[in-house]
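This report refers to the structure that appears directly beneath it.
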Amino acid sequence: MEKAFAIPISRRDFMKLAGLTAASSLLGIKDDAAKAEAAPPAISALDYSKANLPILFNVDVCVVGGGSAGTAAAVTAARKGAKVVLVERGISLGGLATQGCVYPCMPTFIDGSDTPYIKDLNRRMEKQGVSPFQDVEDSATFYGGGRGRYIPEYLAFVHDEMCEEAGVDILYNATLVGAVTDGGRIDNCVVQTIEGPGRIQAKVFIDATGDALLSRLVGVTAERGSEKTGRNQPMTLRFEMGGIDAPKVHHFFRDDLKDGWKTARGEKVLAKALKEGRFPFVEFDKMKTTEKFFQGGVARGELTEDDILYIQAFTIPGKTGVMSMNCPEMPPLSFSSTDAVSISRAVTFGRRMMRRLAGFFIKNIPGFEKAYISREASMVGVRESWRIRGKYYMEADDYLKAHHFPDGVCRTAYPIDIHDVKLDYFEKLKKGQYYEIPYRTLVTNEISNLLVAGRCASGSFAAQASFRIQPTCMSMGEAAGIAAAWGISHGIEANALRWEDIPAEERSYVSEG
């Protein structure tokens, strides 16, 4: 990822500096918050076993969820010879990257992490004339794999292209509502479509819902929230603004606020970027003036403390005068990503925050005088909700001790990134260190023909805060697709399969031990 422009939020960054005790005292947070449920009550679901429903598809592999992980899983399984259907509740693949306006793709901070699917995706994006590496290649701050920037409209098109070439059937506008099991296996899942409910039969199912919905429907043990506070990570509702004079905005923060902002590149690169209406990567040191600038908006009643919880913005190559707003972030003390009513209220709350932020930018930041909201996310940005308890359960120590595994399916060194006012602190790995995600985090003890990929894979709250980023989710999905197709062709159940027994040339990633 390459941040073309970033305005760091006052409260969150302040609390990182001030420390846990001071932050908790400031907000009046008590230490007796409800703890996370290790095994929440079984999800309520109808018994569809005897329902007379039409069979929409009878395939080898059914992937539920067309986000970063699910799309990678579907395309990869199909390329390996499996007949695949990909179920998506929206009308575009890519999940948060396309529907949620999550424009920057965070880096893994370790070289060699880009698996074949990611490399192919990047090549295809470059062919569209929207290289994900623009302003990224020579950044000293964001390094390693996965650090691309995907323009949503182009990414959705490329995903469709990849699925069509591989022979994946996409079922858009379909919502998972149930599943039928038989003898510890999923026989079929039930989806709601415009024609009503229907069944999808498959030999292997991949849960890439992000919320472990399929897993919970079939009785897989799951967790939610922090083991310490009971809270989920905060949600976002992102947006884009057009009509912006980007160079003017850059000069305001660099020259008017004079708050330690500096370019990480030479003046020639900067001049070219500004001429094109974008910025190269911007680094910041102390941010006292920027902090004061946004607090001034709160003092004048233009913004609230919640509005400035987290503020970032990025210019978008190919979209002159447009910036992607990496905000607002709804306060975790008020909303939960595992409560349906709470999420709905968060959307309304976030939309009001969005309007206040846009109004503040237009009124107070030079370069925004003619700006307007050009796009709102059609998907709430959820960082964490439910996580399964798989055959292997990742802990913070797997990151901190840089654990490698014989059945590792990918590598990453992305830090344990917890967005909360009551922060946990974890040391970052040294440059060159990394940990691996074992295949066993993708399979369960309860269901033999189920794989789980993406942010709902098996791990603790802290561990998930590291492996939740898009490139790692893509690589997990890719591995799930390979395993599903391999298991079918060799008569091996997904949760009995050993990743390390698949020939190295057939795997997307081989652990170096």
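We name chains A, B, ... following the order of the structure tokens; residues begin at 1 in each chain, and ligands are numbered from 1 as shown.
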Close residues, Leu214 in chain A itself excluded, 12 Å, only C-alpha atoms, min 3 positions apart in chain, as a ChimeraX atom specification: /A:43,45,62-65,87,175-181,186,188-191,205-211,217-222,386-388,447,450-453,456
Near-Glu195 in chain A list (12 Å; only C-alpha atoms; drop same-chain fewer than 2 positions) as a list in words: Leu53, Pro54, Leu56, Asn173, Ala174, Val191, Gln192, Thr193, Pro197, Gly198 and Arg199 of chain A
Polymer residues at most 9 Å from Gly225 in chain A, only C-alpha atoms, same-chain spacing of 5 or more positions, as a ChimeraX atom specification: /A:35-37,230-233,336-338,384-387,460-461
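In this structure, CA of Val102 in chain A sits 8.3 Å away from CA of Ser324 in chain A.
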Length of the CA of Thr315 in chain A to CA of Gly148 in chain A vector [Å]: 13.6 Å
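Picture a line from CA of Glu395 in chain A to CA of Pro104 in chain A; it runs 26.1 Å.
For the set A:Glu161, A:Asp255, A:Asp307, A:Glu153, the residue with the smallest atom-to-atom gap to Leu121 in chain A is A:Glu161, counting only C-alpha atoms.
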Within 9 Å of Tyr150 in chain A using only C-alpha atoms, minus same-chain residues under 2 positions, as number ranges by chain: A: 97-98, 102-105, 122, 125, 130-132, 148, 152-155
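Minimum atom-to-atom distance to Val443 in chain A, evaluated using only C-alpha atoms, belongs to A:Val204 out of A:Lys430, A:Leu400, A:Val204, A:Leu213.
Taking only C-alpha atoms into account, Tyr509 in chain A lies nearest to A:Phe405 out of the set A:Phe252, A:Phe360, A:Trp486, A:Phe405.
Proximity of A:Ile502, A:Leu442, A:Ala299, A:Leu86 to His159 in chain A, computed with only C-alpha atoms, is greatest for A:Leu86.
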Residue nearest Tyr434 in chain A among A:Met330, A:Ala69, A:Ala479, A:Ala413 (counting only C-alpha atoms): A:Ala413
Per-residue DSSP, range 105-313 of chain A, filtered to alpha helix (DSSP H), as a ChimeraX atom specification: /A:116-127,152-166,213-217,246-251,267-275,288-299
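Taking only C-alpha atoms into account, Asp160 in chain A lies nearest to A:Gly66 out of the set A:Gly318, A:Gly66, A:Gly491, A:Gly459.
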Shell of 9 Å around Arg468 in chain A, only C-alpha atoms, local chain residues under 2 positions omitted, as a count of residues only: 14
So that I can check the surroundings of Asn445 in chain A, please list as a compact mmCIF listing (two decimals) with C-alpha atoms, in the first residue's frame every protein, DNA and RNA residue that reaches within 9 Å of it, counting only C-alpha atoms and ignoring chain neighbours fewer than 5 positions away.
# COMPACT_ATOMS: atom_id res chain seq x y z
CA VAL A 220 -18.45 -24.95 14.09
CA ARG A 389 -11.85 -22.40 16.32
CA GLY A 390 -10.02 -24.55 13.79
CA LYS A 391 -7.62 -27.46 14.06
CA ASN A 495 -9.74 -31.47 7.24
